[in-house]
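Shown here: query23.txt, compact mmCIF, C-alpha atoms.
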# COMPACT_ATOMS: atom_id res chain seq x y z
CA MET H 1 1.28 3.14 6.15
CA ASN H 2 0.18 4.22 2.73
CA ASN H 3 3.75 4.99 1.69
CA ILE H 4 4.30 1.29 1.27
CA LYS H 5 1.57 1.10 -1.35
CA ILE H 6 2.46 4.21 -3.30
CA LYS H 7 6.12 3.15 -3.49
CA ASN H 8 4.98 0.58 -6.05
CA ILE H 9 4.24 3.36 -8.54
CA PHE H 10 5.92 6.56 -7.32
CA ASN H 11 8.96 7.84 -5.41
CA GLU H 12 10.91 11.04 -4.74
CA ASN H 13 13.16 10.48 -7.78
CA LEU H 14 10.05 10.87 -9.93
CA ILE H 15 9.30 14.35 -8.54
CA ASP H 16 10.80 17.34 -10.36
CA LEU H 17 9.95 20.65 -8.68
CA ASN H 18 11.95 22.81 -11.08
CA MET H 19 11.16 21.67 -14.59
CA ASN H 20 12.72 23.89 -17.23
CA ALA H 21 9.94 23.08 -19.66
CA ILE H 22 8.43 26.03 -21.52
CA ASN H 23 5.63 24.10 -23.19
CA LYS H 24 3.57 20.91 -23.01
CA LYS H 25 5.90 18.97 -25.29
CA GLU H 26 8.97 19.73 -23.19
CA ALA H 27 7.15 18.94 -19.94
CA ILE H 28 6.13 15.51 -21.26
CA GLU H 29 9.70 14.92 -22.46
CA VAL H 30 11.26 15.89 -19.11
CA LEU H 31 8.94 13.61 -17.14
CA THR H 32 9.39 10.79 -19.65
CA GLU H 33 13.15 11.10 -19.15
CA HIS H 34 12.68 10.67 -15.38
CA LEU H 35 10.54 7.56 -15.89
CA TYR H 36 13.13 6.17 -18.31
CA HIS H 37 16.00 6.94 -15.95
CA GLU H 38 14.23 5.13 -13.09
CA GLY H 39 13.58 2.11 -15.30
CA TYR H 40 9.79 2.36 -15.51
CA ILE H 41 9.71 2.73 -19.29
CA ILE H 42 11.93 1.12 -21.89
CA ASN H 43 11.47 3.37 -24.94
CA LYS H 44 10.91 7.12 -24.72
CA ASP H 45 9.82 7.75 -28.32
CA ILE H 46 7.17 5.04 -28.32
CA PHE H 47 5.87 6.15 -24.93
CA ILE H 48 5.60 9.82 -25.95
CA LYS H 49 3.77 8.82 -29.13
CA ASP H 50 1.23 6.94 -26.99
CA VAL H 51 0.87 9.91 -24.61
CA TYR H 52 0.00 12.10 -27.58
CA PHE H 53 -2.49 9.53 -28.82
CA ARG H 54 -4.38 10.10 -25.56
CA GLU H 55 -3.91 13.88 -25.74
CA ASN H 56 -5.69 13.84 -29.09
CA GLU H 57 -8.70 12.04 -27.60
CA GLY H 58 -9.56 14.80 -25.14
CA GLN H 59 -8.18 17.36 -22.74
CA THR H 60 -6.00 16.22 -19.86
CA GLY H 61 -5.96 19.55 -18.06
CA LEU H 62 -7.97 19.38 -14.84
CA GLY H 63 -8.17 23.11 -14.19
CA ASN H 64 -6.45 24.85 -11.26
CA HIS H 65 -3.12 24.75 -13.18
CA VAL H 66 -2.87 20.94 -13.06
CA ALA H 67 -2.72 18.46 -15.96
CA ILE H 68 -2.62 14.66 -16.06
CA PRO H 69 -1.36 13.42 -19.43
CA HIS H 70 -1.29 9.63 -19.61
CA GLY H 71 0.14 7.02 -21.89
CA LYS H 72 -0.95 3.41 -22.09
CA SER H 73 1.93 1.87 -23.93
CA ASP H 74 3.99 -1.20 -24.78
CA ALA H 75 6.99 0.96 -23.80
CA VAL H 76 5.92 0.97 -20.15
CA LYS H 77 7.67 -1.65 -18.05
CA ILE H 78 6.05 -0.79 -14.72
CA THR H 79 2.85 1.21 -14.30
CA SER H 80 3.88 4.41 -12.51
CA ILE H 81 3.61 8.21 -12.32
CA ALA H 82 5.97 11.17 -12.53
CA PHE H 83 5.32 14.61 -11.02
CA GLY H 84 6.66 17.84 -12.46
CA ARG H 85 6.23 21.50 -11.58
CA THR H 86 7.38 24.62 -13.35
CA GLN H 87 7.06 28.36 -12.80
CA ASN H 88 6.52 28.73 -16.54
CA ASP H 89 3.01 29.07 -17.95
CA LEU H 90 2.41 25.93 -19.97
CA VAL H 91 -0.34 26.19 -22.57
CA TRP H 92 -2.54 23.14 -22.05
CA GLU H 93 -6.15 22.28 -22.91
CA SER H 94 -7.99 22.74 -19.60
CA PRO H 95 -11.60 23.29 -18.50
CA ASP H 96 -10.76 26.69 -16.97
CA ASN H 97 -8.28 27.70 -19.74
CA LYS H 98 -5.65 28.56 -17.12
CA PRO H 99 -1.96 27.85 -17.81
CA VAL H 100 -0.59 24.65 -16.29
CA HIS H 101 2.19 24.54 -13.68
CA VAL H 102 1.84 21.00 -12.33
CA VAL H 103 2.04 18.00 -14.67
CA ILE H 104 1.41 14.48 -13.40
CA LEU H 105 2.30 11.96 -16.09
CA PHE H 106 0.69 8.51 -15.80
CA ALA H 107 2.60 5.67 -17.44
CA VAL H 108 0.42 2.61 -17.84
CA ARG H 109 1.37 -0.84 -19.08
CA ASN H 110 -0.68 -2.09 -21.99
CA VAL H 111 -1.20 -5.40 -20.27
CA ASP H 112 -0.81 -5.71 -16.52
CA LYS H 113 -0.75 -9.09 -14.88
CA THR H 114 -2.71 -7.73 -11.95
CA THR H 115 -4.81 -4.65 -11.37
CA VAL H 116 -2.86 -3.59 -8.28
CA HIS H 117 -0.99 -0.73 -9.95
CA LEU H 118 -4.05 0.44 -11.89
CA LYS H 119 -5.98 0.52 -8.65
CA LEU H 120 -3.26 2.71 -7.13
CA LEU H 121 -3.42 5.03 -10.13
CA SER H 122 -7.18 5.35 -9.74
CA GLN H 123 -6.62 6.32 -6.11
CA VAL H 124 -4.14 9.00 -7.17
CA ALA H 125 -6.78 10.28 -9.61
CA MET H 126 -9.37 10.38 -6.82
CA ALA H 127 -7.02 12.46 -4.67
CA LEU H 128 -6.87 14.96 -7.54
CA ALA H 129 -10.63 15.55 -7.30
CA ASP H 130 -9.98 17.71 -4.25
CA ASP H 131 -9.33 21.38 -4.97
CA ASP H 132 -7.40 21.88 -1.72
CA THR H 133 -5.05 19.07 -2.75
CA LEU H 134 -4.43 20.75 -6.10
CA ASP H 135 -3.71 24.05 -4.36
CA LYS H 136 -1.15 22.39 -2.08
CA LEU H 137 0.54 20.58 -4.97
CA LEU H 138 1.12 23.96 -6.59
CA VAL H 139 3.05 25.40 -3.65
CA THR H 140 4.63 22.78 -1.40
CA ASN H 141 8.37 22.26 -1.65
CA SER H 142 8.24 19.02 0.30
CA LYS H 143 8.47 15.85 -1.77
CA VAL H 144 7.23 13.90 1.23
CA GLU H 145 4.09 16.04 1.32
CA ILE H 146 3.52 15.53 -2.41
CA ILE H 147 3.69 11.77 -1.93
CA GLU H 148 1.29 12.02 1.01
CA LEU H 149 -1.15 14.22 -0.92
CA LEU H 150 -1.24 11.84 -3.87
CA SER H 151 -1.63 8.76 -1.67
CA GLN H 152 -4.31 10.11 0.70
CA GLU H 153 -7.05 7.95 -0.86
CA MET H 154 -4.99 4.82 -0.25
CA ASN H 155 -5.48 5.30 3.48
CA LYS H 156 -9.20 4.84 3.09
CA SER H 157 -9.09 1.43 1.45
CA MET F 30 -30.44 24.36 3.05
CA LYS F 31 -33.78 26.10 3.13
CA GLY F 32 -36.31 24.97 0.59
CA VAL F 33 -33.98 22.62 -1.26
CA LYS F 34 -35.13 19.05 -1.58
CA LYS F 35 -32.72 16.24 -0.93
CA MET F 36 -32.26 14.17 -4.09
CA ASN F 37 -31.31 10.54 -4.45
CA ILE F 38 -28.71 10.44 -7.20
CA VAL F 39 -27.07 7.45 -8.85
CA GLY F 40 -24.64 7.56 -11.72
CA ILE F 41 -21.85 6.06 -13.76
CA ALA F 42 -18.43 7.53 -14.55
CA ALA F 43 -16.37 6.31 -17.51
CA CYS F 44 -13.67 7.83 -19.74
CA THR F 45 -11.79 6.86 -22.89
CA SER F 46 -8.76 5.25 -21.31
CA GLY F 47 -10.48 4.32 -18.05
CA ILE F 48 -7.46 5.30 -15.99
CA ALA F 49 -7.88 8.77 -14.51
CA HIS F 50 -10.86 10.91 -15.51
CA THR F 51 -13.34 8.17 -14.55
CA TYR F 52 -12.18 8.33 -10.94
CA ILE F 53 -11.80 12.10 -10.75
CA ALA F 54 -15.34 12.50 -12.08
CA LYS F 55 -16.67 10.00 -9.54
CA GLU F 56 -14.99 11.74 -6.63
CA LYS F 57 -16.07 15.20 -7.80
CA LEU F 58 -19.70 14.09 -8.13
CA ILE F 59 -19.72 12.47 -4.71
CA LYS F 60 -18.04 15.43 -2.99
CA ALA F 61 -20.43 17.89 -4.67
CA GLY F 62 -23.51 15.76 -4.02
CA VAL F 63 -22.70 15.30 -0.35
CA ALA F 64 -21.81 18.99 0.07
CA LEU F 65 -25.21 19.92 -1.39
CA GLY F 66 -26.98 17.53 0.96
CA HIS F 67 -27.98 14.78 -1.47
CA ASN F 68 -27.64 11.01 -1.36
CA ILE F 69 -25.30 9.95 -4.15
CA SER F 70 -23.74 6.72 -5.42
CA ILE F 71 -21.47 6.55 -8.46
CA GLU F 72 -20.37 3.39 -10.24
CA THR F 73 -17.06 3.46 -12.13
CA GLN F 74 -16.47 1.59 -15.38
CA GLY F 75 -12.71 1.76 -15.95
CA THR F 76 -9.78 -0.33 -17.11
CA ILE F 77 -9.91 -2.26 -13.86
CA GLY F 78 -13.55 -3.11 -14.47
CA ILE F 79 -16.73 -2.09 -12.68
CA GLU F 80 -16.39 -0.83 -9.11
CA ASP F 81 -19.01 0.39 -6.64
CA LYS F 82 -21.70 -1.27 -8.74
CA LEU F 83 -25.08 0.37 -8.23
CA THR F 84 -27.53 -1.73 -6.29
CA LYS F 85 -31.09 -2.36 -7.46
CA GLU F 86 -32.37 -0.63 -4.34
CA LYS F 87 -30.39 2.53 -4.99
CA ILE F 88 -31.46 2.64 -8.62
CA ALA F 89 -35.09 2.13 -7.63
CA ALA F 90 -34.91 5.00 -5.17
CA ALA F 91 -33.05 7.37 -7.50
CA ASP F 92 -34.60 10.67 -8.61
CA VAL F 93 -32.04 11.00 -11.37
CA VAL F 94 -29.27 9.03 -13.09
CA ILE F 95 -26.13 10.98 -14.05
CA ILE F 96 -24.02 9.38 -16.76
CA ALA F 97 -20.65 11.18 -16.73
CA ALA F 98 -18.96 9.45 -19.63
CA ASP F 99 -16.87 9.98 -22.74
CA ILE F 100 -17.65 6.48 -24.02
CA LYS F 101 -20.67 4.18 -24.17
CA VAL F 102 -21.38 2.72 -20.73
CA ASN F 103 -22.62 -0.74 -19.89
CA GLY F 104 -25.88 -1.58 -18.19
CA MET F 105 -28.07 1.30 -19.32
CA ASP F 106 -30.98 -1.16 -19.35
CA ARG F 107 -31.00 -0.85 -15.56
CA PHE F 108 -32.36 2.68 -15.85
CA ILE F 109 -35.59 2.12 -17.81
CA ASN F 110 -38.19 4.75 -16.84
CA LYS F 111 -35.57 6.78 -14.95
CA LYS F 112 -34.64 10.40 -15.62
CA ILE F 113 -31.19 10.23 -17.19
CA VAL F 114 -28.73 13.09 -17.65
CA GLU F 115 -25.72 12.38 -19.86
CA VAL F 116 -22.65 14.64 -19.77
CA PRO F 117 -18.95 14.30 -20.66
CA THR F 118 -16.53 13.88 -17.75
CA SER F 119 -15.10 17.35 -18.50
CA ILE F 120 -18.36 19.01 -17.36
CA VAL F 121 -18.22 17.15 -14.05
CA ILE F 122 -14.55 17.95 -13.53
CA LYS F 123 -15.11 21.65 -14.26
CA SER F 124 -18.28 22.29 -12.30
CA PRO F 125 -19.77 19.39 -10.33
CA LYS F 126 -21.94 21.49 -8.02
CA GLY F 127 -23.18 23.62 -10.91
CA LEU F 128 -24.20 20.47 -12.77
CA ILE F 129 -26.11 18.99 -9.84
CA ASN F 130 -27.89 22.28 -9.10
CA LYS F 131 -28.84 22.68 -12.75
CA ILE F 132 -30.22 19.14 -12.88
CA GLN F 133 -32.23 19.78 -9.74
CA THR F 134 -33.73 22.95 -11.16
CA GLU F 135 -34.46 21.51 -14.59
CA LEU F 136 -36.13 18.43 -13.18
CA GLY F 137 -38.23 20.58 -10.88
CA LEU F 138 -36.90 18.78 -7.82
CA THR F 139 -36.24 21.93 -5.84
Write out the structure in this file as structure tokens.
Amino acid sequence: MNNIKIKNIFNENLIDLNMNAINKKEAIEVLTEHLYHEGYIINKDIFIKDVYFRENEGQTGLGNHVAIPHGKSDAVKITSIAFGRTQNDLVWESPDNKPVHVVILFAVRNVDKTTVHLKLLSQVAMALADDDTLDKLLVTNSKVEIIELLSQEMNKS
Amino acid sequence: MKGVKKMNIVGIAACTSGIAHTYIAKEKLIKAGVALGHNISIETQGTIGIEDKLTKEKIAAADVVIIAADIKVNGMDRFINKKIVEVPTSIVIKSPKGLINKIQTELGLT
């Protein structure tokens, strides 16, 4: 089952369906706190600085109200992702200029001993190429379904 | 589809950090290409290295090469004498079908 694979980088404790964030900065901070709490990152300030380094290189909004900020950082202990959703309209640079409601934060180790986790992240990214998947991520209240949606590409390999 | 020629498309996807957009762009191009009835193969050049490397046969048969990249890609010397279209990954993520249709029209491959 694909759940075994995705558990290396993601779990229900890293899903927040009611983020209080009112802007991009707060959303990144909330999700960073979850990653820190779960032990995936060791320093929040350094990690957030590295997330913003990537933000400045180009837009991380995907359109359809979804954004995927990512930080490649020495502060990351284990390559992983955190999922957040809010009813608030987050202003975010996106190809369709729509406000963002779903934020999927990728935390990536600067140096990984193996490519296993990076491969899993690339499979999460591939799942996000599907517009139906994005639509479901915006509405489902099932954390199990969110994990299944993000890991659907792992079934194919 | 009536009157629309099937194209053979190859391409490369690559983004600045090589973690996410590379793979989203690849998937979007493949989904759009298949939905429009074309043959399409996309190589990714990401942090984990090159995957789905384009074969010589596919490159030889290609009507067009799509480079969806925000950085310089490796192996451009494989596409000598090929029609090459270079776009940022954001264009592919926003409108993959629109891009492929536009390429087809502009190259007169309809």
Near H:Asn43, counting all atoms listed in the file, which residues have an atom at most 8 Å away, once you skip same-chain residues fewer than 4 positions from it, shown as a ChimeraX atom specification? /H:36,47,75-76
Quick one: residues within 8 Å of H:Glu12, all atoms listed in the file, excluding same-chain residues fewer than 2 positions away - as number ranges by chain? H: 10, 14-15, 143-144, 147
Which chain F residues are at most 6 Å from chain H (counting only C-alpha atoms), as a list in words?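 Result: Ala49, Tyr52, Ile53, Glu56, Lys57 and Lys123 of chain F.
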Would you mind listing what lies within 6 Å of F:Ala98 as a PDB file with C-alpha atoms, in the coordinates of the input, with only C-alpha atoms counted and same-chain residues fewer than 6 positions away left out?
ATOM      1  CA  ALA F  42     -18.430   7.530 -14.550  1.00  0.00           C
ATOM      2  CA  ALA F  43     -16.370   6.310 -17.510  1.00  0.00           C
ATOM      3  CA  CYS F  44     -13.670   7.830 -19.740  1.00  0.00           C
ATOM      4  CA  PRO F 117     -18.950  14.300 -20.660  1.00  0.00           C
ATOM      5  CA  THR F 118     -16.530  13.880 -17.750  1.00  0.00           C
TER       6      THR F 118
END
Stretch 71-73 of chain F environment, 9 Å, only C-alpha atoms, sequence neighbours closer than 5 positions dropped, as a VMD selection string: chain F and resid 38 to 43 47 51 to 52 55 to 56 58 to 59 78 to 83 95
